[in-house]
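The structure appears right after this line, and notes come after that.
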Amino acid sequence: MTQTIEVPAPEGASTTPAPKVRGRWALSWHGVRTVAALELRQRVRSTRWIVALVVWTVVVGAITLLMFGALDALFGGIDDVESDNSGRGPLLFAAVTFLVLGLGLLVTPTLSSTSVNGDRNAGTLATLQVTLLSPAEIALGKLLAAWAASCAFLVLSVPFLAMATAAGPTPWWSLLRVVLLIAVLLVAVCAIGLGMSALVSRTAGSTVLTFIVVAAVTFIAPLMFGLTYSAVSSHETVRVYGMPSSWNGDTAVQCVWTEEERPIAHTELTWGLLAVNPFVIVADGAGTGDVDSSSSDALGGLRDVVRQVRAGANGQVDECWADDDEFEAARSDDPVWPWGLGLNVLLGAAGYVVAVRRLSVPQRTLPRGTRVA
């Protein structure tokens, strides 16, 4: 019969169990908060951070006031504000919204595109990696810190957006929806920058790549929509609602339906190239009122154009020059912004996944010249 003999531990030896190894995707609020607090503390101590906030406020405020003055002159002056609010207000709200979004897309990539490789070059990243913090916690903490920094710029812009909303008749819930949409777009950009900073060893390279991705969804995708317009166009026999063949120039005329061959663009195949654009997302999701021929609502106008592009060709063409409401253009009432916002969030999620994988230790291979500690 075998007898088990327990050998006592040497005197003075530690009996504390070894710490449990945490997985790559382990998450805890304490770990995420610790990393985010460290990142934010470094930003707050920086003088450049305070200067950037001041410059942002001055620039946005100055441009907003200049647009106020320009629109006052355009719509008849301050004495006619009550009668001209329906034209001035929506245009001012759209201008300030696009200004804040555009500046946000310029500033945000710089807040996260050096988060990982910057710390690695400074020799501080390894200090975090050897702790019990998981790669997911480190990445999420850095992401939340960068997003909080970008939201600070957005919060400073809210008073100017409120001024534009108060000019009327834009509903106040449009202000809330615009702020929320911009905030989600900014976190997606932050995540893209975080992934680039983990993927590229040089800070300049990761910043440039982040700007390229932002430019791709903002400028290149709409450009590709225009370049592919001819590829999705063809000559088809459609119903044309136009002037009768006997028309002699008289304004009192009734348009008629005929069947003719016309070039038709099937934009329902390529509307996604416009949907991914941040400006289209905000315009479509702002929830402003309906647009008619006398409206100056730029957000609503862009929304209607994109939804009409999504609807594509319906086999009918309007060529009636008379004031006739019988023709109804093809239009989809389905919102476009959820699809575009979802694509941006997917890009951000991909950046976050890349950052987590690159923060995992031990790394099998590292780029040449990479500093470990």
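Chain labels run A, B, ... following the order of the structure tokens; each chain numbers its residues from 1, and ligands are numbered from 1 in the order shown.
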
DSSP alpha helix (DSSP H) selection over region 40-280 of chain A, as a VMD selection string:
chain A and resid 40 to 45 47 to 74 81 to 107 109 to 112 115 to 122 125 to 129 135 to 166 172 to 199 203 to 215 221 to 227 272 to 275 278 to 280

Neighbouring residues of Gly102 (chain A) were defined as those with any atom within 10 Å, considering only C-alpha atoms; residues of the same chain fewer than 5 positions away were excluded. Please report them as number ranges by chain.
A: 96-97, 107, 218, 278-279

Taking N, CA and C atoms for each residue, export the selection above as a PDB file, in the first residue's frame.
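Once written, result-v6.pdb looks like this:
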```
ATOM      1  N   VAL A  96     -22.999  75.169 -38.729  1.00  0.00           N
ATOM      2  CA  VAL A  96     -22.269  74.940 -37.480  1.00  0.00           C
ATOM      3  C   VAL A  96     -22.064  73.440 -37.254  1.00  0.00           C
ATOM      4  N   THR A  97     -23.060  72.639 -37.590  1.00  0.00           N
ATOM      5  CA  THR A  97     -22.929  71.187 -37.436  1.00  0.00           C
ATOM      6  C   THR A  97     -21.796  70.640 -38.294  1.00  0.00           C
ATOM      7  N   VAL A 107      -9.139  66.778 -35.749  1.00  0.00           N
ATOM      8  CA  VAL A 107      -8.431  66.766 -34.470  1.00  0.00           C
ATOM      9  C   VAL A 107      -8.364  65.367 -33.870  1.00  0.00           C
ATOM     10  N   THR A 218     -14.633  59.876 -45.880  1.00  0.00           N
ATOM     11  CA  THR A 218     -15.175  61.230 -46.005  1.00  0.00           C
ATOM     12  C   THR A 218     -15.127  61.739 -47.437  1.00  0.00           C
ATOM     13  N   PRO A 278     -19.373  60.558 -43.028  1.00  0.00           N
ATOM     14  CA  PRO A 278     -19.840  61.099 -41.738  1.00  0.00           C
ATOM     15  C   PRO A 278     -20.825  62.252 -41.881  1.00  0.00           C
ATOM     16  N   PHE A 279     -20.649  63.101 -42.875  1.00  0.00           N
ATOM     17  CA  PHE A 279     -21.555  64.228 -43.056  1.00  0.00           C
ATOM     18  C   PHE A 279     -22.941  63.748 -43.487  1.00  0.00           C
TER      19      PHE A 279
END
```

Set the distance at 12 Å and use only C-alpha atoms: which residues neighbour Val280 (chain A) once local chain neighbours fewer than 3 positions away are removed? I'd like the list as a PyMOL selection string.
chain A and resi 94+97-98+101+178+181-182+185+217-219+221-222+271-277+283-286+298-307+335-341

Just-selected residues, C-alpha atoms written as a CSV table (one decimal), in the first residue's frame:
```csv
chain,number,residue,atom,x,y,z
A,94,ALA,CA,-26.3,72.9,-40.8
A,97,THR,CA,-22.9,71.2,-37.4
A,98,PHE,CA,-20.7,70.6,-40.4
A,101,LEU,CA,-17.9,67.6,-37.4
A,178,VAL,CA,-26.5,65.6,-33.8
A,181,LEU,CA,-24.1,60.9,-33.7
A,182,ILE,CA,-20.9,63.0,-33.7
A,185,LEU,CA,-18.3,58.9,-35.0
A,217,VAL,CA,-14.8,57.4,-45.8
A,218,THR,CA,-15.2,61.2,-46.0
A,219,PHE,CA,-13.9,62.0,-49.5
A,221,ALA,CA,-16.0,57.0,-51.0
A,222,PRO,CA,-18.2,59.8,-52.4
A,271,TRP,CA,-25.6,54.2,-52.5
A,272,GLY,CA,-23.5,52.7,-49.7
A,273,LEU,CA,-20.5,54.7,-50.9
A,274,LEU,CA,-22.4,57.8,-49.8
A,275,ALA,CA,-23.9,56.3,-46.7
A,276,VAL,CA,-20.5,55.8,-45.0
A,277,ASN,CA,-19.7,59.5,-45.2
A,283,ALA,CA,-27.5,64.9,-42.0
A,284,ASP,CA,-29.7,61.9,-42.4
A,285,GLY,CA,-29.9,61.2,-38.6
A,286,ALA,CA,-30.4,64.8,-37.5
A,298,ALA,CA,-29.1,71.9,-45.9
A,299,LEU,CA,-29.3,68.9,-43.6
A,300,GLY,CA,-32.8,68.0,-44.8
A,301,GLY,CA,-31.8,68.6,-48.4
A,302,LEU,CA,-28.8,66.3,-48.2
A,303,ARG,CA,-30.9,63.7,-46.4
A,304,ASP,CA,-33.6,63.7,-49.2
A,305,VAL,CA,-30.9,63.5,-51.9
A,306,VAL,CA,-29.2,60.5,-50.4
A,307,ARG,CA,-32.5,58.7,-49.8
A,335,PRO,CA,-33.0,56.0,-43.0
A,336,VAL,CA,-29.5,55.7,-44.3
A,337,TRP,CA,-27.6,56.7,-41.2
A,338,PRO,CA,-27.8,53.3,-39.4
A,339,TRP,CA,-25.9,51.6,-42.2
A,340,GLY,CA,-23.3,54.3,-42.5
A,341,LEU,CA,-22.8,54.5,-38.7
```

Near region 39-61 of chain A, 12 Å: region 139-206 of chain A residue rows, closest pairs, only C-alpha atoms, as JSON lines:
```
{"residue": "A:Ala139", "atom": "CA", "partner": "A:Glu39", "partner_atom": "CA", "distance": 11.2}
{"residue": "A:Leu140", "atom": "CA", "partner": "A:Glu39", "partner_atom": "CA", "distance": 11.3}
{"residue": "A:Gly141", "atom": "CA", "partner": "A:Glu39", "partner_atom": "CA", "distance": 8.0}
{"residue": "A:Lys142", "atom": "CA", "partner": "A:Glu39", "partner_atom": "CA", "distance": 6.6}
{"residue": "A:Leu143", "atom": "CA", "partner": "A:Glu39", "partner_atom": "CA", "distance": 9.6}
{"residue": "A:Leu144", "atom": "CA", "partner": "A:Glu39", "partner_atom": "CA", "distance": 9.2}
{"residue": "A:Ala145", "atom": "CA", "partner": "A:Leu40", "partner_atom": "CA", "distance": 5.8}
{"residue": "A:Ala146", "atom": "CA", "partner": "A:Leu40", "partner_atom": "CA", "distance": 8.1}
{"residue": "A:Trp147", "atom": "CA", "partner": "A:Leu40", "partner_atom": "CA", "distance": 10.3}
{"residue": "A:Ala148", "atom": "CA", "partner": "A:Leu40", "partner_atom": "CA", "distance": 8.3}
{"residue": "A:Ala149", "atom": "CA", "partner": "A:Leu40", "partner_atom": "CA", "distance": 7.8}
{"residue": "A:Ser150", "atom": "CA", "partner": "A:Leu53", "partner_atom": "CA", "distance": 10.1}
{"residue": "A:Cys151", "atom": "CA", "partner": "A:Leu53", "partner_atom": "CA", "distance": 11.1}
{"residue": "A:Ala152", "atom": "CA", "partner": "A:Leu53", "partner_atom": "CA", "distance": 8.0}
{"residue": "A:Phe153", "atom": "CA", "partner": "A:Leu53", "partner_atom": "CA", "distance": 6.6}
{"residue": "A:Leu154", "atom": "CA", "partner": "A:Trp56", "partner_atom": "CA", "distance": 9.7}
{"residue": "A:Val155", "atom": "CA", "partner": "A:Thr57", "partner_atom": "CA", "distance": 10.0}
{"residue": "A:Leu156", "atom": "CA", "partner": "A:Thr57", "partner_atom": "CA", "distance": 6.4}
{"residue": "A:Ser157", "atom": "CA", "partner": "A:Val60", "partner_atom": "CA", "distance": 7.0}
{"residue": "A:Val158", "atom": "CA", "partner": "A:Val60", "partner_atom": "CA", "distance": 10.3}
{"residue": "A:Pro159", "atom": "CA", "partner": "A:Gly61", "partner_atom": "CA", "distance": 9.1}
{"residue": "A:Phe160", "atom": "CA", "partner": "A:Gly61", "partner_atom": "CA", "distance": 6.7}
{"residue": "A:Leu161", "atom": "CA", "partner": "A:Val60", "partner_atom": "CA", "distance": 10.0}
{"residue": "A:Ala162", "atom": "CA", "partner": "A:Gly61", "partner_atom": "CA", "distance": 11.9}
{"residue": "A:Met163", "atom": "CA", "partner": "A:Gly61", "partner_atom": "CA", "distance": 10.4}
{"residue": "A:Ala164", "atom": "CA", "partner": "A:Gly61", "partner_atom": "CA", "distance": 11.4}
```

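Proximity ranking of A:Val356, A:Leu38, A:Val361, A:Leu194 relative to Thr124 (chain A) places A:Leu38 first, based on only C-alpha atoms.
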
Have a look at CA of Thr207 (chain A) and CA of Trp25 (chain A) and let me know their distance in Å, one decimal.
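Distance reported for this atom pair: 25.8 Å.
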
re CA of Gln308 (chain A) and CA of Glu236 (chain A): distance 19.1 Å

How far is it from CA of Ser206 (chain A) to CA of Asp119 (chain A), in Å with one decimal?
13.2 Å

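Using only C-alpha atoms, the nearest neighbour of Gly69 (chain A) within the list A:Gly168, A:Val353, A:Arg88, A:Leu180 is A:Arg88.
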
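In this comparison, which uses only C-alpha atoms, the residue of A:Phe211, A:Trp172, A:Trp321, A:Tyr229 approaching Cys255 (chain A) most closely is A:Trp321.
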
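Ranking A:Val116, A:Leu106, A:Ala188, A:Val130 by their shortest atom-to-atom distance to Leu347 (chain A), with only C-alpha atoms included, puts A:Ala188 first.
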